[in-house]
Amino acid sequence: MRKFFQEIKADLKFKTAGPGQKLSEPSRAPKEKPRAEVAPKPRQAPTDEAQRAAAAALARLELKPKGKAPCSSQEAIKNQGRSGPGEPGDGSRECFGAALMEMGSSEEEGAAAPSVSGVYFICPLTGAVVRKDQKEKQLREAIEAYFSVDPVAASIMEIQTFNKDREKVRACVETMAKYLDNIYLHPEEEKYRKIKLQNKVFQERISCLEGTHRFFQAVGFETKTLPTTEEFYVLKEEMLSRLEELKDHKEQLLSSEPVRAQLHRQLTLFRPSPAAARFELPHDFFNLTAEELRREQRLRTEAVEKAAMLRTRAMREKEEQREMRKYNYTLLRVRFPDGYILQGTFYARESVSVLYNFVREALRDDWLPFELLGPGGLKLTDENLAFNECGLVPSALLSLAWDAAVMADVEAAAEEQRSPLRPELLAGAQTLS
């Protein structure tokens with residue numbers, strides 16, 4: 001039975017194999033079915049947008065420096081072949097990097113100039129205006145120079161300013177003040193006039209902080225190695241007759257605060273311009289440290305996980321607070337009814353009242369009542385709100401509206417061609433690019 005079915009299958013295969021061919025005849029190619037000829041589609045003319053893009057690309061090529069040889073596509077293919085399929089070779093990477101650099105440079109050339117050149121700070125000790133990334137260096141130099149004037153005050157500023165852990169600073173200051181207090185209250189006790197440098201409390205609370213050793217030297221201590229071969233801070237004998245100075249130093253230490261550079265407002269007045277709502281902010285407004293980048297990545301991962309779950313009101317409020325902490329600075333513009341634009345830089349967490357004071361200081365008559373309107377015409381009536389709570393970060397254009405009680409005075413001043421702004425500001429008004 002099995003042999004019978006095998007013979008039937010072989011017979012079917014033989015019949016479906018097509019017509020036979022003698023071995024003495026030349027081989028014939030299998031006949032192909034005729035294909036219907038497809039008429040070529042007419043080529044469409046390029047659109048206006050494509051023509052503009054081509055013109056821009058041609059202009060970039062013409063502006064390209066002649067000394068730089070173009071990247072060879074053949075070389076790129078050879079390099080790709082050397083590195084294997086699907087893997088770009090070194091040459092193709094260079095071509096790709098050069099193309100990216102060319103695109104970036106062309107974008108920078110076509111980009112608008114930044115609205116401000118950066119975020120700047122004022123050193124409270126010298127009055128120097130420095131960029132954000134230079135403010136700590138400027139503070140260090142100013143405090144170092146102050147050692148020649150008042151070494152005690154300079155060392156206290158160093159302790160308070162350059163040690164970031166505020167809890168450690170508080171414990172350090174309290175311990176140092178206790179040392180001085182013991183000497184002032186018990187001058188006859190020799191044990192209070194010596195501080196063992198290897199003492200555990202001294203090492204954990206004081207020695208590990210910047211500026212502490214310079215403070216002890218400034219108030220009259222000197223380093224001595226006693227017969228026990230251990231190092232101590234020992235108060236100089238002449239300081240026993242100047243105990244009131246030690247008391248003053250203690251009070252000065254307890255009442256001290258960190259020296260903070262003040263944010264420079266960069267007050268600028270612009271002439272009327274339709275470009276008032278366009279902002280080009282520098283990297284200073286968005287600069288993130290490595291730790292902040294890691295935190296942002298962690299927050300995004302958490303956001304994806306939370307998207308699939310219901311959130312309580314407390315969770316939503318916490319997320320809103322987190323969003324508000326994204327920006328440290330904001331650039332605000334206030335447009336006056338006559339079109340002039342007042343610009344300033346602020347902390348994102350400063351209150352709206354700071355902006356009201358900023359505008360008042362720019363007025364010829366600071367008593368003139370006015371209102372500030374946020375984007376969309378929303379009145380900023382609650383001056384205690386922070387800018388990030390009002391959505392005024394990282395930049396915003398606001399409008400100023402005069403109070404109805406002074407409209408007649410303002411209109412009369414306008415007819416006399418007198419602006420409500422200070423004359424010195426008007427004289428230095430710039431054109432908004």
# chains A, B, ... in the order shown; residues from 1 in each chain; ligands from 1
$ residues_around --residues "Phe147 (chain A)" --least-positions-apart "4" --cutoff "12 Å" --atoms "only C-alpha atoms" --output "list in words"
Arg140, Glu141, Ala142, Ile143, Pro151, Val152, Ala153, Ala154, Ser155, Ile156, Met157, Glu158, Gly211, Arg214, Phe215, Gln217 and Ala218 of chain A
$ closest_residue --among "A:Lys135, A:Lys194, A:Lys164, A:Arg335" --to "Pro274 (chain A)" --atoms "only C-alpha atoms"
A:Arg335
$ closest_residue --among "A:Glu238, A:Glu251, A:Glu204, A:Glu222" --to "Lys178 (chain A)" --atoms "only C-alpha atoms"
A:Glu251
$ residues_around --residues "Asp366 (chain A)" --least-positions-apart "5" --cutoff "12 Å" --atoms "only C-alpha atoms" --output "PyMOL selection string"
chain A and resi 356-361+420-422
